[in-house]
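Asker: This is the structure I want to talk about, given as structure tokens.
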Amino acid sequence: MKYNEHARVVENREFAAGYRFLTVEAPRQAAEMVPGQFVHVRIPTLEPSALRRPFSVFDAEDGKVTVLYKSVGRGTQALSRVAVGEYVDIEGPLGRGFPVKCEGTALLVGGGFGVAPLHFLAKKLPKRILFVGGRTQSDLLALDKFASLGVECKVSTNDGSAGYKGFVVGPLDETIAELEAKGEKFELFTCGPDGLLKAVTERALAHGVPGWISVDRHMICGMGACFACIQKTVRGNSRCCIEGPVFKAEELVW
Amino acid sequence: MVNMAVDLGGLMLRTPVATASGTFGYGYEFGDLVDYSKLGAVTVKGVRMSEWPGNAMLRHAEVPGGLVNAIGLQGKGVKHFLSVDLFLYSRIPDPPPVIVNIWGGSEDEYAETAAAIEAANKPLIGAIEMNVSCPNVKAGGHTFGQDPEVLHSVVAKVRRATKLPLIVKLAPNVPAIAPYAQACEAAGADALSLINTIPAMVIDIVRRVPVLGNRTGGLSGRCVHPVAVKLVYDAHRATKLPILAMGGVYEAKDAIELMLAGATAVAIGTATFSDPGTAARVCDGIAAYCERQGFASVSQLTGALCES
């Protein structure tokens, strides 16, 4: 069931340069939300005819839904001006999320604000490791939130300012090799820029393990009606809002 | 109680508010969020005989007061629509009739698609709307809507293929709408719908490239509304055909303007994306207006412009 809730804002704060958490009271959506699903937000500080903006869900519990966003364009800048106590219309839960079960260790691979759905997923899985990368230390988001869930975080930065120097696939490949050497099972879950998604897709296929890839696309309707948010798959042009955003690695055509 | 029913060229609508093609999928996608009792009809996304992949990404760009899209009529073809999409739509409680939007790469394909729909004999299908005005597909659509003789020919061919009420959706970017409206009437159409999107383009000045994968697209949304009012006004004066009007309807006021200009019914398009409740809100607002103005039937609004 999809809902449109007139949701009171209880948090809208910058937690890192340009990055913000928005938390709203949306009990019906919070109760049914699955990690990897998204919400479609009507921004009250834009003109009423403005398109909604889709956001991956960072957390959903106790009747509240939290998204992590970057204040970058006209919509998200306007969203950053919504005050606590004001209301936003949000539609959700939308899209096909991650499976909330995993054989062996869940290897969560995030880039930029792609860590958002992985956080919600990490809450639902017992055994997981987060691989997170960025250009520099300030691109690494919400690591404290993962740490408080007891998630092991393997960090990499291109400039070496934190963790492993290089791309996120470096530590990922090391861990995959270790798990395979021990004969342990694992699955891959990822969200982030297309380059990262492609790299994780290739690893899932190469190692013959399930890969769950969350694809981020510009959207209009968020419901499967308009066909704007396309990703090429083995079925042709698939809609990320309803056939995704989470696809199986073997479905994707890059 | 205002009588909200209207007759759109033989298609009886319980309210004068429909959805516009391309903005409401195949009628069921918004199912949880829409009050169908307030809808007179649902116009589905354009279908043709065969599957069609649509355009490259990006397929849309938001602009002040509107939206430029170049989706490119992606779809799985008429067989899939009739067997899968229409079935999913039929599970909605008390669904309004479907207006099936069709398009094709040739006159024959338009007629074949209409004939396939006719032959399926589905009670939920209330009418066919011919898209002769999509700006986003080179092979078909627009080319048929830019010459009154060509338009007459394709409409006449589809007319012979179906007994269903036949609506022709016209392009806004013509020097005058009258010859096109009259060509449709002469070819046996039952109604007109207008306007389709207005050809448009958006450029990324940093990368110096067109934003849309298709380079150009069609403009819709709030900003096109006065264009629609003018074209509906002109078309209404040029023919006797009833008109389904669309173009920037966000509030009841927008719909009432179109009806006073000559529309029998209106369709909600881009507004559904920001507010799926738009159609219900517009329907209620039209009824309230009729009560205030003393109209017993909403059909009295059509062309009720007071002009000296």
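Residue numbers start at 1 in each chain; chains themselves are named A, B, ... in the order of the structure tokens; ligands are numbered from 1 in the order shown.
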Got a sec: who's within 7 Å of segment 147-162 of chain B, counting only C-alpha atoms, leaving out chain neighbours fewer than 2 positions off, as a CSV table (one decimal) with N, CA and C atoms, in the first residue's frame?
Answerer:
```csv
chain,number,residue,atom,x,y,z
B,107,GLU,N,-0.2,5.3,-41.3
B,107,GLU,CA,-1.6,5.3,-41.2
B,107,GLU,C,-2.1,3.9,-40.9
B,110,TYR,N,-1.9,3.0,-37.2
B,110,TYR,CA,-2.9,3.6,-36.4
B,110,TYR,C,-4.2,2.7,-36.5
B,111,ALA,N,-4.5,2.4,-37.8
B,111,ALA,CA,-5.8,1.7,-38.0
B,111,ALA,C,-5.7,0.3,-37.4
B,114,ALA,N,-6.2,0.5,-33.7
B,114,ALA,CA,-7.6,0.8,-33.4
B,114,ALA,C,-8.4,-0.5,-33.6
B,115,ALA,N,-8.1,-1.2,-34.6
B,115,ALA,CA,-8.9,-2.4,-34.9
B,115,ALA,C,-8.7,-3.5,-33.8
B,118,GLU,N,-10.7,-2.5,-30.9
B,118,GLU,CA,-12.1,-2.8,-31.2
B,118,GLU,C,-12.4,-4.3,-31.0
B,144,PHE,N,1.7,13.5,-38.5
B,144,PHE,CA,0.3,13.4,-39.0
B,144,PHE,C,-0.5,14.6,-38.5
B,145,GLY,N,0.0,15.3,-37.6
B,145,GLY,CA,-0.8,16.4,-37.1
B,145,GLY,C,-0.4,17.8,-37.6
B,164,LEU,N,-15.9,2.7,-31.8
B,164,LEU,CA,-15.7,3.4,-30.5
B,164,LEU,C,-15.7,4.9,-30.7
B,179,PRO,N,-8.4,24.7,-39.2
B,179,PRO,CA,-8.4,23.7,-40.3
B,179,PRO,C,-8.1,22.3,-39.8
B,180,TYR,N,-7.4,22.1,-38.7
B,180,TYR,CA,-7.1,20.8,-38.2
B,180,TYR,C,-8.4,20.2,-37.5
B,183,ALA,N,-10.8,19.3,-40.2
B,183,ALA,CA,-10.3,18.1,-40.9
B,183,ALA,C,-10.8,16.9,-40.1
B,184,CYS,N,-10.6,16.9,-38.8
B,184,CYS,CA,-11.0,15.8,-37.9
B,184,CYS,C,-12.5,15.6,-38.0
B,187,ALA,N,-13.5,14.0,-41.2
B,187,ALA,CA,-13.1,12.6,-41.3
B,187,ALA,C,-13.8,11.7,-40.4
B,188,GLY,N,-14.8,12.2,-39.6
B,188,GLY,CA,-15.6,11.4,-38.8
B,188,GLY,C,-15.2,11.2,-37.4
B,189,ALA,N,-14.3,12.1,-36.9
B,189,ALA,CA,-14.0,12.0,-35.5
B,189,ALA,C,-15.2,12.4,-34.6
```
Asker: Provide as an MDAnalysis selection string the residues of chain B at most 6 Å from chain A, counting only C-alpha atoms.
Answerer: chainID B and resid 23:25 29 32 59 273:274
Asker: Running DSSP on the backbone, which parts of segment 32-252 of chain A land in strand (DSSP E or B), as a VMD selection string?
Answerer: chain A and resid 38 to 42 53 to 61 64 to 70 87 to 94 96 105 to 111 128 to 134 152 to 157 164 to 165 186 to 191 211 to 214 230 to 233 236 to 239 245 to 248 252
Asker: Limited to C-alpha atoms, could you put the picked residues into a file as a PDB file, in the first residue's frame?
Answerer:
```pdb
ATOM      1  CA  PHE A  38      12.181   5.562  -1.223  1.00  0.00           C
ATOM      2  CA  VAL A  39       9.769   8.373  -0.476  1.00  0.00           C
ATOM      3  CA  HIS A  40       8.608  11.129  -2.837  1.00  0.00           C
ATOM      4  CA  VAL A  41       8.574  14.483  -1.104  1.00  0.00           C
ATOM      5  CA  ARG A  42       6.597  17.569  -2.036  1.00  0.00           C
ATOM      6  CA  ARG A  53      11.851  14.888  -5.065  1.00  0.00           C
ATOM      7  CA  PRO A  54      12.661  11.233  -4.380  1.00  0.00           C
ATOM      8  CA  PHE A  55      14.861  10.270  -1.410  1.00  0.00           C
ATOM      9  CA  SER A  56      16.159   6.917  -0.204  1.00  0.00           C
ATOM     10  CA  VAL A  57      15.125   6.123   3.328  1.00  0.00           C
ATOM     11  CA  PHE A  58      17.940   6.282   5.901  1.00  0.00           C
ATOM     12  CA  ASP A  59      15.775   5.050   8.752  1.00  0.00           C
ATOM     13  CA  ALA A  60      12.153   4.234   9.502  1.00  0.00           C
ATOM     14  CA  GLU A  61      11.014   3.428  13.018  1.00  0.00           C
ATOM     15  CA  LYS A  64       9.105   8.388  11.774  1.00  0.00           C
ATOM     16  CA  VAL A  65      10.888   8.333   8.432  1.00  0.00           C
ATOM     17  CA  THR A  66      14.380   9.806   8.007  1.00  0.00           C
ATOM     18  CA  VAL A  67      16.091  10.651   4.751  1.00  0.00           C
ATOM     19  CA  LEU A  68      19.638  11.822   4.163  1.00  0.00           C
ATOM     20  CA  TYR A  69      20.018  14.498   1.491  1.00  0.00           C
ATOM     21  CA  LYS A  70      22.557  16.843   0.014  1.00  0.00           C
ATOM     22  CA  TYR A  87       4.593  19.870   7.289  1.00  0.00           C
ATOM     23  CA  VAL A  88       5.636  18.130   4.099  1.00  0.00           C
ATOM     24  CA  ASP A  89       3.568  15.786   1.931  1.00  0.00           C
ATOM     25  CA  ILE A  90       5.395  12.533   1.444  1.00  0.00           C
ATOM     26  CA  GLU A  91       4.414   9.546  -0.686  1.00  0.00           C
ATOM     27  CA  GLY A  92       5.676   6.090   0.129  1.00  0.00           C
ATOM     28  CA  PRO A  93       6.796   3.416   0.552  1.00  0.00           C
ATOM     29  CA  LEU A  94       7.819   3.380  -3.102  1.00  0.00           C
ATOM     30  CA  ARG A  96      11.357  -2.417  -4.803  1.00  0.00           C
ATOM     31  CA  THR A 105      27.967 -11.801   5.487  1.00  0.00           C
ATOM     32  CA  ALA A 106      26.281  -8.804   3.889  1.00  0.00           C
ATOM     33  CA  LEU A 107      28.883  -6.634   2.205  1.00  0.00           C
ATOM     34  CA  LEU A 108      27.352  -3.146   2.015  1.00  0.00           C
ATOM     35  CA  VAL A 109      29.113  -0.869  -0.465  1.00  0.00           C
ATOM     36  CA  GLY A 110      28.227   2.817  -0.364  1.00  0.00           C
ATOM     37  CA  GLY A 111      29.320   5.940  -2.183  1.00  0.00           C
ATOM     38  CA  ARG A 128      27.371  -6.991   7.826  1.00  0.00           C
ATOM     39  CA  ILE A 129      30.404  -4.953   6.860  1.00  0.00           C
ATOM     40  CA  LEU A 130      30.180  -1.461   5.377  1.00  0.00           C
ATOM     41  CA  PHE A 131      32.598  -0.400   2.653  1.00  0.00           C
ATOM     42  CA  VAL A 132      32.404   3.298   2.114  1.00  0.00           C
ATOM     43  CA  GLY A 133      34.472   5.515  -0.129  1.00  0.00           C
ATOM     44  CA  GLY A 134      34.835   9.153  -1.103  1.00  0.00           C
ATOM     45  CA  GLU A 152      32.297  -2.798  10.945  1.00  0.00           C
ATOM     46  CA  CYS A 153      33.220   0.106   8.611  1.00  0.00           C
ATOM     47  CA  LYS A 154      36.005  -0.180   6.029  1.00  0.00           C
ATOM     48  CA  VAL A 155      36.796   3.292   4.857  1.00  0.00           C
ATOM     49  CA  SER A 156      38.671   4.472   1.780  1.00  0.00           C
ATOM     50  CA  THR A 157      39.461   7.897   0.367  1.00  0.00           C
ATOM     51  CA  TYR A 164      42.610   2.994   2.720  1.00  0.00           C
ATOM     52  CA  LYS A 165      44.035   5.270  -0.012  1.00  0.00           C
ATOM     53  CA  PHE A 186      28.445 -13.449   1.317  1.00  0.00           C
ATOM     54  CA  GLU A 187      26.162 -11.185  -0.680  1.00  0.00           C
ATOM     55  CA  LEU A 188      26.702  -7.703  -2.094  1.00  0.00           C
ATOM     56  CA  PHE A 189      24.436  -4.692  -1.518  1.00  0.00           C
ATOM     57  CA  THR A 190      25.239  -1.305  -2.995  1.00  0.00           C
ATOM     58  CA  CYS A 191      24.000   2.227  -3.575  1.00  0.00           C
ATOM     59  CA  GLY A 211      24.296  -8.669  -5.904  1.00  0.00           C
ATOM     60  CA  TRP A 212      21.606  -6.139  -4.997  1.00  0.00           C
ATOM     61  CA  ILE A 213      22.171  -2.862  -6.808  1.00  0.00           C
ATOM     62  CA  SER A 214      20.204   0.295  -5.957  1.00  0.00           C
ATOM     63  CA  ILE A 230      15.034   4.407 -16.920  1.00  0.00           C
ATOM     64  CA  GLN A 231      17.826   1.871 -16.386  1.00  0.00           C
ATOM     65  CA  LYS A 232      18.742  -0.604 -19.107  1.00  0.00           C
ATOM     66  CA  THR A 233      18.119  -4.181 -18.018  1.00  0.00           C
ATOM     67  CA  GLY A 236      14.765  -3.529 -21.923  1.00  0.00           C
ATOM     68  CA  ASN A 237      14.240  -0.068 -20.443  1.00  0.00           C
ATOM     69  CA  SER A 238      13.134  -0.634 -16.842  1.00  0.00           C
ATOM     70  CA  ARG A 239      11.631   1.953 -14.513  1.00  0.00           C
ATOM     71  CA  PRO A 245      15.483   1.070  -7.480  1.00  0.00           C
ATOM     72  CA  VAL A 246      17.039  -2.203  -6.288  1.00  0.00           C
ATOM     73  CA  PHE A 247      17.865  -4.562  -9.156  1.00  0.00           C
ATOM     74  CA  LYS A 248      19.612  -7.921  -9.124  1.00  0.00           C
ATOM     75  CA  LEU A 252      21.386  -4.884 -15.195  1.00  0.00           C
TER      76      LEU A 252
END
```
Asker: Counting only C-alpha atoms, figure out which residue out of A:Val200, A:Arg74, A:Ala31, A:Val84 gets nearest to Ile176 of chain A.
Answerer: A:Val200
Asker: Of the candidates B:Ala265, B:Thr216, B:Gly10, B:Trp103, which shows the shortest atom-to-atom distance to Lys163 of chain B, using only C-alpha atoms?
Answerer: B:Gly10
Asker: What is the distance, in Å and to one decimal place, between atom CA of Asp108 of chain B and atom CA of Ala238 of chain B?
Answerer: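 Those two atoms sit 28.3 Å apart.
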Asker: Running DSSP on the backbone, which parts of segment 85-127 of chain A land in alpha helix (DSSP H), as a PyMOL selection string?
Answerer: chain A and resi 115-124
Asker: Please, could you write that set of residues out with N, CA and C atoms as an mmCIF file, in the first residue's frame?
Answerer:
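Listed below is the output, selection32.cif:
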```cif
data_model
loop_
_atom_site.group_PDB
_atom_site.id
_atom_site.type_symbol
_atom_site.label_atom_id
_atom_site.label_comp_id
_atom_site.auth_asym_id
_atom_site.auth_seq_id
_atom_site.Cartn_x
_atom_site.Cartn_y
_atom_site.Cartn_z
ATOM 1 N N VAL A 115 24.990 5.814 1.039
ATOM 2 C CA VAL A 115 24.999 5.042 2.296
ATOM 3 C C VAL A 115 23.612 5.027 2.951
ATOM 4 N N ALA A 116 22.729 5.944 2.519
ATOM 5 C CA ALA A 116 21.441 6.098 3.222
ATOM 6 C C ALA A 116 20.648 4.788 3.314
ATOM 7 N N PRO A 117 20.318 4.141 2.190
ATOM 8 C CA PRO A 117 19.523 2.906 2.319
ATOM 9 C C PRO A 117 20.307 1.776 2.968
ATOM 10 N N LEU A 118 21.637 1.848 2.887
ATOM 11 C CA LEU A 118 22.454 0.792 3.501
ATOM 12 C C LEU A 118 22.384 0.861 5.023
ATOM 13 N N HIS A 119 22.186 2.073 5.548
ATOM 14 C CA HIS A 119 22.029 2.219 6.997
ATOM 15 C C HIS A 119 20.757 1.524 7.472
ATOM 16 N N PHE A 120 19.647 1.799 6.751
ATOM 17 C CA PHE A 120 18.374 1.175 7.115
ATOM 18 C C PHE A 120 18.488 -0.346 6.977
ATOM 19 N N LEU A 121 19.185 -0.787 5.934
ATOM 20 C CA LEU A 121 19.371 -2.224 5.720
ATOM 21 C C LEU A 121 20.226 -2.843 6.838
ATOM 22 N N ALA A 122 21.269 -2.117 7.228
ATOM 23 C CA ALA A 122 22.178 -2.636 8.267
ATOM 24 C C ALA A 122 21.439 -2.912 9.573
ATOM 25 N N LYS A 123 20.372 -2.127 9.808
ATOM 26 C CA LYS A 123 19.590 -2.347 11.037
ATOM 27 C C LYS A 123 18.857 -3.681 11.020
ATOM 28 N N LYS A 124 18.618 -4.210 9.805
ATOM 29 C CA LYS A 124 17.775 -5.407 9.669
ATOM 30 C C LYS A 124 18.584 -6.686 9.478
#
```
Asker: Can you measure atom CA of Gly213 of chain B to atom CA of Leu197 of chain A for me? One decimal in Å is fine.
Answerer: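 Atom-to-atom, atom CA of Gly213 of chain B to atom CA of Leu197 of chain A, that is 21.6 Å.
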Asker: Find the spatial neighbours of Asp190 of chain B, counting only C-alpha atoms, within a cut-off of 9 Å - ignore same-chain residues fewer than 4 positions away - and output them as a PyMOL selection string.
Answerer: chain B and resi 8-10+165-168+184-185+241-242
